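Take a look at the structure set out below.
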Amino acid sequence: MTQATSARPWLAFYPPGAPAEIEAAPFRTLGELVSASARLYGDRTAYTVVMPNGMFGDLSFAEIDRMSDEFAVYLREVAGLEPGDRVALQAPNSLPVPVVAFGVFKAGCVLVNVNPLYTAEEMGRQFADAEPKALVITDMFADKLPEALKHFSIPNVIITRVPEFMPGLVKGVIGLVQSWWDRSIPPIETPHIRLPEALAFGAARRKERSIAVESYAAGLELGALAALQYTGGTTGVSKGAMLSHGNLVMNTAQTMTFIEGHVKKGEETVLTAIPTYHILAFTLNLLGFFWLGNRNVLIPNPRPLANLKRAFENYKITWIVGVNTLFNGLMNEFWFAESPPRHLKASFAGGMALHGAVAQRWFEMTGTHVIEGYGLTETSPVVTGNPIGKAREGSIGVPVPSTEIAILDDAGRPVAAGEPGELCVRGPQVMGGYWRRPDETAKAMTEDGFFRTGDIGLMEPDGYFRIVDRKKDMILVSGFNVFPNEVEDCLARIAGVREAAVIGVPDGAAGEAVKAYIVPGDPALTADEIKAVSYTHLRAHETEA
């Protein structure tokens with residue numbers, strides 16, 4: 001395979017001031033990023049957690065910096081962790097998340113994000129693979145610990161709560177509701193310490209020994225491991241992508257410098273409804289908007305979507321980071337349709353394909369654009385983004401600074417512009433490999449350092465990119481390639497269709513046939529009407545079902 005073309009026509013579409021290359025990382029570690037923002041923005045609100053009834057709690061940049069320092073000291077001086085030890089965090093969007101995550105980075109340890117909705121079996125498998133020395137878990141999920149810890153015993157368990165760090169009265173009311181009304185807080189059988197106690201121990205030890213927290217990460221370089229972010233990757237087998245401080249610092253810089261001209265430092269409010277344990281919200285929201293001095297409004301549980309209503313009513317939301325289903329779902333909420341957010345500037349979509357019909361309807365309803373980008377867990381995650389003001393429907397935009405993309409055929413050869421092939425990425429955001437899986441790492445990387453995404457994409461002649469579909473999701477009908485995303489987008493444009501999903505099913509004559517699952521928004525919609533529109537707008541082999 002040859003190197004990606006040195007001609008980068010997409011640079012013509014870069015926003016003013018956005019560099020083609022980021023010559024040096026703005027910070028050596030993520031801890032330095034946190035402390036630098038705290039010095040700049042001090043008492044301004046960094047994170048606000050909003051409950052469905054409108055109850056809320058805030059933490060400032062300075063508070064986040066201080067409390068994460070205290071947690072770092074607790075990990076190193078009280079719990080006895082060493083540099084490189086893993087710390088698992090299993091919590092929904094809430095104020096403890098940045099305190100714990102940033103404290104882990106400052107301690108020179110490695111963060112392991114764990115999905116709170118995992119079963120005990122799934123938790124146990126991830127614990128056994130990552131081998132964390134400490135776990136911070138929200139009390140709502142602690143009933144799964146006895147079973148999960150049979151797979152791997154974690155010596156330090158720290159329990160936190162969704163209303164942690166909220167005002168006392170608010171925390172008390174929420175606690176009563178959780179404990180006695182909906183009974184969502186189970187008895188906790190596992191030996192543990194509470195997060196506020198851990199912070200108090202850390203604060204006391206720091207004062208007693210005059211500890212300089214920055215000394216914990218003094219020996220770290222950009223390549224030092226910062227996080228294990230678990231993903232199915234291109235094979236579906238869960239494995240930990242090894243993301244370094246450099247990967248996450250640089251991807252934060254790549255993304256934020258790309259949009260910086262449109263984001264006012266210290267004046268924006270971003271809605272964080274997608275989970276921060278997912279790499280998209282982790283980098284863009286938790287890290288990126290924090291770096292720019294802006295407020296994150298954290299939603300612990302966006303289901304049902306009515307849980308977001310008070311956040312939109314009570315805060316001047318200027319940005320949203322979400323996925324196609326979030327935007328589509330919001331527009332189907334009567335309260336959102338009747339009163340779209342008045343201060344919204346734009347939204348960012350990632351994590352899955354943005355349907356053109358959803359983007360168009362969103363613009364008609366809110367007067368703002370959904371800016372589609374592209375990324376993966378293994379790329380920290382952002383690879384491309386549509387320049388604000390120059391977005392194209394159906395496009396993932398152009399590579400962010402310092403990013404190379406090659407489109408390769410099955411033999412690993414570059415294809416011509418406009419031709420589909422596997423999209424491969426090289427840049428400072430690409431992971432160091434899969435944790436303890438050299439075999440999987442070797443499969444994912446080319447000889448010259450490109451990461452194989454497993455996605456089929458193409459570059460248009462002027463440098464914009466488009467994802468056609470996942471390589472493994474492609475449906476082969478009578479020898480023709482059918483990409484589910486294209487069929488789904490067509491179906492989503494039909495009046496009366498709320499959502500559509502397309503898969504391939506075995507077919508004796510054609511090899512595979514296309515099967516669509518549709519959620520109707522109009523009960524009068526018929527299968528014949530859907531077929532009639534499909535036959536008009538899709539090729540024949542795409543409608544063989």
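Identifiers for the structure tokens are assigned positionally: chains receive A, B, ... in sequence, residues are indexed from 1 per chain, and ligands are indexed from 1 in the order shown.
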Query raised in the report: Near Ala130 of chain A, counting only C-alpha atoms, which residues have an atom at most 9 Å away, once you skip same-chain residues fewer than 6 positions from it, shown as a list in words?
Result: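 Close residues of Ala130 of chain A: Arg86, Val87, Ala88, Val112, Leu228, Gly240 and Trp435 of chain A.
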Only all heavy atoms, please: the residues just picked out, written as a compact mmCIF listing (two decimals), in the first residue's frame.
```
# COMPACT_ATOMS: atom_id res chain seq x y z
N ARG A 86 -4.94 0.40 36.78
CA ARG A 86 -6.22 0.76 36.19
C ARG A 86 -7.27 1.07 37.25
O ARG A 86 -7.30 0.45 38.32
CB ARG A 86 -6.75 -0.38 35.30
CG ARG A 86 -6.18 -0.35 33.88
CD ARG A 86 -4.77 -0.85 33.81
NE ARG A 86 -4.68 -2.26 34.20
CZ ARG A 86 -3.56 -2.82 34.65
NH1 ARG A 86 -2.44 -2.09 34.77
NH2 ARG A 86 -3.53 -4.10 35.00
N VAL A 87 -8.12 2.05 36.93
CA VAL A 87 -9.24 2.44 37.79
C VAL A 87 -10.50 2.41 36.93
O VAL A 87 -10.60 3.14 35.94
CB VAL A 87 -9.06 3.85 38.38
CG1 VAL A 87 -10.25 4.22 39.26
CG2 VAL A 87 -7.76 3.92 39.19
N ALA A 88 -11.45 1.56 37.29
CA ALA A 88 -12.70 1.45 36.53
C ALA A 88 -13.70 2.48 37.05
O ALA A 88 -13.80 2.71 38.25
CB ALA A 88 -13.27 0.05 36.65
N VAL A 112 -10.66 3.22 33.10
CA VAL A 112 -11.39 2.19 32.37
C VAL A 112 -12.87 2.52 32.48
O VAL A 112 -13.48 2.35 33.54
CB VAL A 112 -11.13 0.78 32.94
CG1 VAL A 112 -11.88 -0.27 32.12
CG2 VAL A 112 -9.63 0.48 32.97
N LEU A 228 -8.31 2.85 28.91
CA LEU A 228 -8.72 1.67 28.15
C LEU A 228 -10.19 1.86 27.82
O LEU A 228 -11.03 1.90 28.72
CB LEU A 228 -8.54 0.39 28.97
CG LEU A 228 -7.12 -0.06 29.29
CD1 LEU A 228 -7.15 -1.37 30.07
CD2 LEU A 228 -6.29 -0.21 28.02
N GLY A 240 -10.03 -3.71 24.72
CA GLY A 240 -9.71 -2.37 25.18
C GLY A 240 -8.79 -1.63 24.22
O GLY A 240 -7.65 -2.05 24.00
N TRP A 435 -5.48 -3.63 24.10
CA TRP A 435 -4.91 -4.09 25.37
C TRP A 435 -4.72 -5.61 25.35
O TRP A 435 -5.66 -6.38 25.21
CB TRP A 435 -5.85 -3.68 26.49
CG TRP A 435 -5.53 -4.15 27.87
CD1 TRP A 435 -6.21 -5.09 28.59
CD2 TRP A 435 -4.50 -3.65 28.74
NE1 TRP A 435 -5.67 -5.22 29.84
CE2 TRP A 435 -4.62 -4.35 29.96
CE3 TRP A 435 -3.50 -2.70 28.60
CZ2 TRP A 435 -3.78 -4.11 31.05
CZ3 TRP A 435 -2.65 -2.46 29.67
CH2 TRP A 435 -2.79 -3.15 30.88
```
Query raised in the report: Skipping near chain neighbours, those fewer than 2 positions away, what residues fall within 10 Å of segment 30-33 of chain A using only C-alpha atoms, listed as a PyMOL selection string?
Result: chain A and resi 26-28+35-38+65+68-69+101-108+213-214+217+222+226+244-246+248-249+287-288+290-291
Report task. Enumerate as a ChimeraX atom specification all residues of segment 152-224 of chain A assigned to alpha helix (DSSP H) by DSSP on the backbone, naming them with the chain letters and numbers the document uses. Result -> /A:168-176,195-209
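Counting only C-alpha atoms, the residue from A:Gly457, A:Ala357, A:Leu243, A:Ile185 that sits nearest to Ala224 of chain A is A:Leu243.
Using only C-alpha atoms, the protein and nucleic acid residues lying no more than 6 Å from segment 48-52 of chain A, apart from those fewer than 3 places from it along its own chain, are Met55, Phe56, Gly57, Asp58, Ser94, Val297, Leu298, Ile299 and Asn307 of chain A.
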Query raised in the report: Between atom CA of Ala253 of chain A and atom CA of Arg392 of chain A, what is the spacing in Å?
Result: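 That distance, rounded to one decimal, is 23.3 Å.
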Report task. Could you give me, as a PyMOL selection string, each residue of segment 100-340 of chain A that DSSP assigns to strand (DSSP E) when run on this structure's backbone? Result -> chain A and resi 110-113+134-138+156-160+193-194+225-231+239-244+269-272+295-298+319-322
Query - Residue nearest His355 of chain A - candidates A:Thr190, A:Ser153, A:Ser395, A:Asn251, atoms counted: only C-alpha atoms - result: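 When distances to His355 of chain A are compared using only C-alpha atoms, the smallest one comes from A:Ser395.
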Query - Gap from atom CA of Val497 of chain A to atom CA of Val519 of chain A - Å, one decimal - result: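 Answer for the atom CA of Val497 of chain A to atom CA of Val519 of chain A separation: 6.3 Å.
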Query raised in the report: Out of A:Arg194, A:Lys207, A:His278, A:Lys443, which residue has the shortest atom-to-atom distance to Gly322 of chain A when counting only C-alpha atoms?
Result: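 Closest to Gly322 of chain A, using only C-alpha atoms: A:His278.
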Query raised in the report: When you draw a straight line from atom CA of Glu267 of chain A to atom CA of Tyr315 of chain A, how long is it in Å?
Result: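 Atom CA of Glu267 of chain A sits 12.3 Å away from atom CA of Tyr315 of chain A.
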Report task. Name the residues in contact with Val321 of chain A at a cut-off of 12 Å, using only C-alpha atoms, excluding same-chain residues fewer than 6 positions from it; report them as a PyMOL selection string. Result -> chain A and resi 269-276+278-286+288-289+296-298+327+344-351+369-373
Requested in this report: Find the residues around segment 403-420 of chain A up to 6 Å (only C-alpha atoms counted), leave out those fewer than 2 positions away in its own chain, and share them as an MDAnalysis selection string.
Outcome: chainID A and resid 1 4 399:401 422:427 457:461
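Residues in contact range of Glu260 of chain A, defined as at most 12 Å between only C-alpha atoms, with sequence neighbours fewer than 3 positions away removed, read Tyr14, Pro15, Pro16, Gly17, Ala18, Pro19, Thr252, Ala253, Gln254, Thr255, Met256, Thr257, Val263, Lys264, Lys265, Gly266, Glu268, Gly288, Phe289, Trp291, Leu292, Gly293, Asn294, Pro387 and Ile388 of chain A.
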**Report entry** From A:Lys239, A:Lys390, A:Lys171, A:Arg209, residue lying nearest Arg437 of chain A [only C-alpha atoms]
**Finding:**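 Nearest to Arg437 of chain A: A:Lys239.
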Query raised in the report: Skipping near chain neighbours, those fewer than 6 positions away, what residues fall within 10 Å of Gly80 of chain A using only C-alpha atoms, listed as a ChimeraX atom specification?
Result: /A:73-74,133-134,156
Would you mind exporting the chosen residues as a CSV table (one decimal), in the first residue's frame, restricted to N, CA, C and O atoms?
```
chain,number,residue,atom,x,y,z
A,73,VAL,N,-4.8,12.0,45.1
A,73,VAL,CA,-4.0,11.7,46.4
A,73,VAL,C,-4.6,10.5,47.0
A,73,VAL,O,-3.9,9.6,47.6
A,74,TYR,N,-6.0,10.4,47.1
A,74,TYR,CA,-6.6,9.2,47.7
A,74,TYR,C,-6.1,7.9,47.0
A,74,TYR,O,-5.7,6.9,47.6
A,133,LYS,N,-7.4,-1.9,39.9
A,133,LYS,CA,-7.0,-1.9,41.3
A,133,LYS,C,-8.1,-1.2,42.1
A,133,LYS,O,-8.1,-1.3,43.3
A,134,ALA,N,-8.9,-0.4,41.4
A,134,ALA,CA,-10.0,0.4,42.1
A,134,ALA,C,-11.2,0.5,41.1
A,134,ALA,O,-11.0,0.4,39.9
A,156,ASN,N,-10.2,-2.1,45.9
A,156,ASN,CA,-10.7,-0.8,46.4
A,156,ASN,C,-12.0,-0.5,45.6
A,156,ASN,O,-12.0,-0.3,44.4
```
